[in-house]
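Peer 1: What follows is start-v9.tsv, TSV, C-alpha atoms.
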```tsv
chain	number	residue	atom	x	y	z
R	1	MET	CA	133.99	-4.93	3.38
R	2	ASP	CA	131.25	-7.52	3.39
R	3	GLU	CA	128.51	-6.13	1.14
R	4	TYR	CA	125.90	-8.04	3.13
R	5	LEU	CA	126.47	-6.20	6.43
R	6	SER	CA	123.35	-4.65	7.94
R	7	GLU	CA	122.97	-0.85	7.86
R	8	THR	CA	123.82	-0.66	11.60
R	9	GLU	CA	126.92	-2.81	11.14
R	10	ARG	CA	128.05	-0.68	8.23
R	11	TRP	CA	127.70	2.53	10.24
R	12	GLU	CA	129.67	1.07	13.14
R	13	TRP	CA	132.35	-0.07	10.69
R	14	VAL	CA	132.54	3.45	9.16
R	15	LYS	CA	132.92	5.07	12.59
R	16	GLU	CA	135.65	2.64	13.55
R	17	GLN	CA	137.55	3.34	10.33
R	18	ALA	CA	137.16	7.09	10.84
R	19	ARG	CA	138.61	6.92	14.36
R	20	ALA	CA	141.51	4.83	13.16
R	21	ASN	CA	142.35	6.52	9.87
R	22	GLY	CA	140.86	10.00	9.79
R	23	PRO	CA	138.64	12.02	7.42
R	24	ALA	CA	140.19	10.74	4.19
R	25	VAL	CA	138.90	7.28	4.91
R	26	ILE	CA	135.42	8.65	5.64
R	27	LEU	CA	135.32	10.09	2.14
R	28	ALA	CA	136.60	6.88	0.54
R	29	VAL	CA	134.16	4.72	2.47
R	30	GLY	CA	131.29	7.07	1.62
R	31	VAL	CA	132.09	6.81	-2.07
R	32	ALA	CA	132.29	3.01	-1.84
R	33	LEU	CA	128.94	2.75	-0.05
R	34	ALA	CA	127.32	5.13	-2.53
R	35	GLY	CA	128.69	3.07	-5.39
R	36	LEU	CA	127.31	-0.13	-3.89
R	37	ALA	CA	123.92	1.48	-3.34
R	38	GLY	CA	123.92	2.79	-6.90
R	39	TRP	CA	124.79	-0.64	-8.29
R	40	ARG	CA	121.98	-2.26	-6.34
R	41	TRP	CA	119.53	0.40	-7.49
R	42	TRP	CA	120.58	-0.14	-11.11
R	43	GLN	CA	120.22	-3.92	-10.83
R	44	SER	CA	116.78	-3.45	-9.30
R	45	HIS	CA	115.85	-1.08	-12.12
R	46	LEU	CA	117.02	-3.60	-14.73
R	47	ASP	CA	115.03	-6.41	-13.12
R	48	SER	CA	111.92	-4.23	-13.02
R	49	SER	CA	112.43	-3.18	-16.64
R	50	ARG	CA	112.84	-6.80	-17.76
R	51	LEU	CA	109.64	-7.78	-15.97
R	52	GLU	CA	107.71	-4.92	-17.56
R	53	ALA	CA	109.04	-5.74	-21.04
R	54	GLY	CA	108.31	-9.44	-20.60
R	55	SER	CA	104.78	-8.68	-19.45
R	56	ALA	CA	104.12	-6.41	-22.44
R	57	TYR	CA	105.45	-9.07	-24.82
R	58	ILE	CA	103.21	-11.76	-23.29
R	59	GLN	CA	100.20	-9.45	-23.56
R	60	MET	CA	101.08	-8.80	-27.21
R	61	ALA	CA	101.26	-12.53	-27.95
R	62	GLN	CA	97.94	-13.07	-26.17
R	63	ALA	CA	96.34	-10.26	-28.18
R	64	LEU	CA	97.46	-11.93	-31.40
R	65	GLU	CA	96.02	-15.24	-30.22
R	66	ARG	CA	92.69	-13.45	-29.76
R	67	GLY	CA	93.00	-11.97	-33.24
R	68	ASP	CA	93.30	-8.44	-31.82
R	69	ARG	CA	95.94	-7.05	-34.16
R	70	THR	CA	95.30	-3.43	-33.14
R	71	GLN	CA	96.00	-4.10	-29.46
R	72	ALA	CA	99.06	-6.17	-30.35
R	73	LEU	CA	100.56	-3.30	-32.35
R	74	VAL	CA	99.75	-0.84	-29.55
R	75	LEU	CA	101.70	-3.05	-27.15
R	76	LEU	CA	104.58	-3.24	-29.62
R	77	GLY	CA	104.64	0.55	-29.67
R	78	GLN	CA	104.82	0.50	-25.86
R	79	LEU	CA	107.77	-1.90	-26.00
R	80	GLU	CA	109.56	0.27	-28.55
R	81	ARG	CA	108.98	3.40	-26.50
R	82	ASP	CA	109.81	2.10	-23.02
R	83	HIS	CA	112.18	-0.82	-23.68
R	84	ALA	CA	113.94	-0.05	-26.95
R	85	GLY	CA	117.00	-2.23	-26.25
R	86	SER	CA	115.16	-5.23	-24.82
R	87	PRO	CA	115.17	-8.66	-26.49
R	88	TYR	CA	111.43	-8.71	-25.76
R	89	THR	CA	111.03	-5.74	-28.08
R	90	ASP	CA	112.97	-7.59	-30.78
R	91	GLN	CA	110.73	-10.62	-30.32
R	92	GLY	CA	107.71	-8.35	-30.51
R	93	LYS	CA	108.95	-7.07	-33.87
R	94	LEU	CA	109.30	-10.65	-35.09
R	95	LEU	CA	105.68	-11.29	-34.09
R	96	ALA	CA	104.57	-8.11	-35.84
R	97	ALA	CA	106.41	-9.16	-38.98
R	98	ARG	CA	104.48	-12.44	-39.01
R	99	VAL	CA	101.22	-10.49	-38.70
R	100	TYR	CA	102.20	-8.29	-41.63
R	101	VAL	CA	103.19	-11.29	-43.76
R	102	ASP	CA	99.85	-12.96	-43.04
R	103	GLY	CA	98.15	-9.75	-44.15
R	104	GLY	CA	100.21	-9.48	-47.33
R	105	GLU	CA	101.95	-6.33	-46.09
R	106	LEU	CA	105.43	-7.43	-47.07
R	107	ASP	CA	107.03	-3.98	-46.95
R	108	LYS	CA	106.00	-3.52	-43.32
R	109	ALA	CA	107.19	-7.03	-42.47
R	110	ALA	CA	110.55	-6.34	-44.11
R	111	ALA	CA	110.93	-3.11	-42.13
R	112	GLU	CA	110.34	-4.85	-38.78
R	113	LEU	CA	112.70	-7.71	-39.63
R	114	ALA	CA	115.43	-5.38	-40.91
R	115	ALA	CA	115.29	-3.42	-37.65
R	116	VAL	CA	115.93	-6.58	-35.62
R	117	ALA	CA	118.57	-7.92	-38.01
R	118	GLU	CA	120.53	-4.68	-37.93
R	119	HIS	CA	120.13	-3.51	-34.35
R	120	SER	CA	119.39	-6.43	-32.02
R	121	LYS	CA	121.95	-6.99	-29.28
R	122	ASP	CA	120.93	-10.66	-29.24
R	123	ARG	CA	122.99	-12.46	-31.89
R	124	GLU	CA	120.53	-15.33	-32.32
R	125	LEU	CA	117.53	-13.05	-32.72
R	126	ALA	CA	119.44	-11.06	-35.33
R	127	LEU	CA	120.18	-14.25	-37.29
R	128	VAL	CA	116.55	-15.38	-37.10
R	129	ALA	CA	115.47	-11.97	-38.36
R	130	GLN	CA	117.95	-12.15	-41.26
R	131	GLN	CA	116.56	-15.47	-42.45
R	132	ARG	CA	112.97	-14.28	-42.25
R	133	LEU	CA	113.83	-11.00	-43.93
R	134	ALA	CA	115.42	-12.91	-46.81
R	135	ARG	CA	112.28	-15.03	-47.20
R	136	VAL	CA	110.16	-11.87	-47.35
R	137	GLN	CA	112.52	-10.37	-49.92
R	138	ILE	CA	112.20	-13.51	-52.07
R	139	ALA	CA	108.41	-13.19	-51.83
R	140	GLN	CA	108.80	-9.56	-52.93
R	141	GLY	CA	110.61	-10.75	-56.06
R	142	LYS	CA	114.02	-9.55	-54.81
R	143	PRO	CA	116.20	-12.70	-54.73
R	144	ASP	CA	119.44	-10.75	-55.24
R	145	VAL	CA	118.62	-8.56	-52.24
R	146	ALA	CA	117.84	-11.71	-50.25
R	147	LEU	CA	121.26	-13.16	-51.10
R	148	GLU	CA	122.87	-9.94	-49.93
R	149	THR	CA	120.92	-10.19	-46.67
R	150	LEU	CA	122.22	-13.74	-46.22
R	151	LYS	CA	125.88	-12.91	-46.83
R	152	THR	CA	126.70	-13.51	-43.14
R	153	THR	CA	129.07	-16.48	-42.90
R	154	ASP	CA	129.39	-17.04	-39.15
R	155	VAL	CA	125.91	-18.43	-38.51
R	156	GLY	CA	126.71	-21.38	-36.24
R	157	ALA	CA	123.70	-23.58	-35.56
R	158	PHE	CA	121.67	-21.71	-38.17
R	159	ALA	CA	123.76	-23.03	-41.09
R	160	THR	CA	121.04	-25.41	-42.32
R	161	ARG	CA	118.42	-22.68	-42.51
R	162	TYR	CA	120.77	-20.20	-44.13
R	163	HIS	CA	121.78	-22.64	-46.86
R	164	GLU	CA	118.16	-23.53	-47.52
R	165	VAL	CA	117.02	-19.91	-47.82
R	166	ARG	CA	119.98	-19.17	-50.09
R	167	GLY	CA	118.84	-22.12	-52.19
R	168	ASP	CA	115.34	-20.64	-52.35
R	169	ALA	CA	116.81	-17.32	-53.51
R	170	TYR	CA	118.86	-18.97	-56.25
R	171	PHE	CA	115.83	-21.00	-57.32
R	172	ALA	CA	113.81	-17.78	-57.56
R	173	LYS	CA	116.57	-16.37	-59.79
R	174	GLY	CA	116.31	-19.43	-62.04
R	175	ASP	CA	119.77	-20.70	-61.07
R	176	LYS	CA	118.80	-24.29	-60.32
R	177	ALA	CA	122.39	-25.56	-60.15
R	178	ALA	CA	123.28	-23.04	-57.40
R	179	ALA	CA	120.00	-23.78	-55.65
R	180	LEU	CA	120.71	-27.52	-55.64
R	181	SER	CA	124.20	-26.90	-54.29
R	182	GLU	CA	122.84	-24.81	-51.41
R	183	TYR	CA	120.11	-27.35	-50.65
R	184	ARG	CA	122.68	-30.12	-50.48
R	185	SER	CA	124.83	-28.02	-48.14
R	186	ALA	CA	121.77	-27.50	-45.97
R	187	GLN	CA	121.05	-31.23	-46.00
R	188	GLY	CA	124.63	-31.96	-44.99
R	189	SER	CA	124.34	-29.83	-41.85
R	190	ALA	CA	120.85	-31.04	-40.88
R	191	ALA	CA	119.99	-33.96	-38.63
R	192	PRO	CA	118.88	-37.00	-40.67
R	193	GLY	CA	115.16	-36.94	-41.38
R	194	SER	CA	114.68	-33.51	-39.82
R	195	ALA	CA	113.96	-31.60	-43.04
R	196	PRO	CA	111.54	-33.51	-45.29
R	197	LEU	CA	110.70	-30.44	-47.36
R	198	LEU	CA	114.39	-29.86	-48.01
R	199	ASP	CA	114.76	-33.50	-49.09
R	200	LEU	CA	111.87	-33.00	-51.52
R	201	LYS	CA	113.46	-29.87	-53.00
R	202	ILE	CA	116.70	-31.76	-53.58
R	203	ALA	CA	114.93	-34.74	-55.14
R	204	ASP	CA	112.96	-32.52	-57.53
R	205	LEU	CA	116.00	-30.52	-58.65
R	206	ALA	CA	118.23	-33.58	-58.91
R	207	ALA	CA	115.62	-35.33	-61.07
R	208	ALA	CA	115.31	-32.28	-63.30
R	209	ALA	CA	119.08	-32.04	-63.66
R	210	ALA	CA	119.58	-35.71	-64.52
R	211	PRO	CA	119.23	-36.66	-68.25
R	212	SER	CA	116.18	-38.81	-68.93
R	213	ALA	CA	116.52	-42.40	-70.24
R	214	LYS	CA	115.03	-41.28	-73.55
R	215	ASP	CA	117.57	-38.47	-73.94
R	216	THR	CA	120.38	-40.85	-73.11
R	217	ALA	CA	119.16	-43.44	-75.68
R	218	GLY	CA	118.82	-40.75	-78.32
R	219	SER	CA	122.35	-39.58	-77.66
R	220	VAL	CA	123.73	-43.11	-77.96
R	221	SER	CA	121.88	-43.86	-81.26
R	222	ALA	CA	123.04	-40.57	-82.73
R	223	LYS	CA	126.59	-41.70	-82.20
```
How does this structure look as structure tokens?

Peer 2:
Amino acid sequence: MDEYLSETERWEWVKEQARANGPAVILAVGVALAGLAGWRWWQSHLDSSRLEAGSAYIQMAQALERGDRTQALVLLGQLERDHAGSPYTDQGKLLAARVYVDGGELDKAAAELAAVAEHSKDRELALVAQQRLARVQIAQGKPDVALETLKTTDVGAFATRYHEVRGDAYFAKGDKAAALSEYRSAQGSAAPGSAPLLDLKIADLAAAAAPSAKDTAGSVSAK
């Protein structure tokens, strides 16, 4: 049956089917129409929910732009309460984490990021949260925990960032050789010239790893 028939056309179609096929068809058609109505109601509900979540997220971002942290966190609470599974709520948590980092509240930032990394239904948001969580963990003096956070291997377009953050974690551990290896892997997956800071990290570590001319001369004369 054409789902775009008017209500009058549908009723005429139902009566015609009933005359031709009897009560059993009335029941079947009634179930089908109820299912269609239910589907449309659900789609309408989803659209309304998305709009509400998107509006709350925009208001949260605007509150942060005004420097109104209290209002921003109130709006995040609204998102968590009314739209727990929405990507807008995940993005709100990412914004909150940035606020906490700026305020030096690293434990709170880590909690928000861990929630997104572990529970987001959006794969890309989860990967973004993992990277940021690892950076926070490095700042907390937990490079081994950061490396555990970054153990995901299937990261697709995020490979450059993952390698770089792993390099930062190894550098924080004092393992400069492993850090240089990760930085070079990151450089290999990045577009040329797109990561000047990464290039600087590699240059610094490569220079530190290379023997100086004086050391080389001393080694030769000793022989």

Peer 1: Extract, using all atoms listed in the file, all DNA, RNA and protein residues at most 7 Å from Gly167 of chain R, discarding same-chain residues fewer than 2 positions from it, and format them as an NGL selection string.

Peer 2: :R and (163-165 or 169-171 or 178-180 or 182-183)

Peer 1: Neighbours of segment 145-160 of chain R within 10 Å (all atoms listed in the file; same-chain residues fewer than 4 positions away dropped), as a ChimeraX atom specification?

Peer 2: /R:114,117,123-124,127-128,130-141,164-170,182-191,195,198

Peer 1: May I have the residues within 9 Å of Ala97 of chain R as a PDB file with C-alpha atoms, in the coordinates of the input, using only C-alpha atoms and disregarding those fewer than 3 positions away in the same chain?

Peer 2:
```pdb
ATOM      1  CA  GLY R  92     107.710  -8.350 -30.510  1.00  0.00           C
ATOM      2  CA  LYS R  93     108.950  -7.070 -33.870  1.00  0.00           C
ATOM      3  CA  LEU R  94     109.300 -10.650 -35.090  1.00  0.00           C
ATOM      4  CA  TYR R 100     102.200  -8.290 -41.630  1.00  0.00           C
ATOM      5  CA  VAL R 101     103.190 -11.290 -43.760  1.00  0.00           C
ATOM      6  CA  ASP R 102      99.850 -12.960 -43.040  1.00  0.00           C
ATOM      7  CA  GLU R 105     101.950  -6.330 -46.090  1.00  0.00           C
ATOM      8  CA  LEU R 106     105.430  -7.430 -47.070  1.00  0.00           C
ATOM      9  CA  LYS R 108     106.000  -3.520 -43.320  1.00  0.00           C
ATOM     10  CA  ALA R 109     107.190  -7.030 -42.470  1.00  0.00           C
ATOM     11  CA  ALA R 110     110.550  -6.340 -44.110  1.00  0.00           C
ATOM     12  CA  ALA R 111     110.930  -3.110 -42.130  1.00  0.00           C
ATOM     13  CA  GLU R 112     110.340  -4.850 -38.780  1.00  0.00           C
ATOM     14  CA  LEU R 113     112.700  -7.710 -39.630  1.00  0.00           C
ATOM     15  CA  ARG R 132     112.970 -14.280 -42.250  1.00  0.00           C
TER      16      ARG R 132
END
```

Peer 1: Any idea what the distance is between atom CA of Arg161 of chain R and atom CA of Ala126 of chain R?

Peer 2: 13.7 Å

Peer 1: One number please: atom CA of Gly67 of chain R to atom CA of Val99 of chain R, in Å, one decimal.

Peer 2: 10.0 Å

Peer 1: Do you have the atom CA of Ser194 of chain R-atom CA of Ser120 of chain R distance handy?

Peer 2: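 According to the coordinates, atom CA of Ser194 of chain R and atom CA of Ser120 of chain R are separated by 28.6 Å.
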
Peer 1: Within 6 Å of Leu75 of chain R, counting all atoms listed in the file, which residues show up once you throw out same-chain ones fewer than 3 positions away? Write them as a tab-separated table (two decimals) with C-alpha atoms, in the coordinates of the input, please.

Peer 2:
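Written out: around04.tsv:
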```
chain	number	residue	atom	x	y	z
R	60	MET	CA	101.08	-8.80	-27.21
R	72	ALA	CA	99.06	-6.17	-30.35
R	78	GLN	CA	104.82	0.50	-25.86
```

Peer 1: When you look at Gly77 of chain R with a cut-off of 12 Å (counting only C-alpha atoms), what residues show up, excluding the ones that are within fewer than 2 positions of it in the same chain? I need them as a PyMOL selection string.

Peer 2: chain R and resi 53+56-57+60+70-75+79-84+89-90+92-93+96

Peer 1: Between R:Arg98, R:Lys121, R:Ser86, R:Arg50, which is the closest to Leu64 of chain R once you count all atoms listed in the file?

Peer 2: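 When distances to Leu64 of chain R are compared using all atoms listed in the file, the smallest one comes from R:Arg98.
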
Peer 1: In terms of the shortest atom-to-atom distance over only C-alpha atoms, which of R:Lys201, R:His119, R:Lys142, R:Lys176 is closest to Pro87 of chain R?

Peer 2: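 For Pro87 of chain R, the nearest of the candidates is R:His119.
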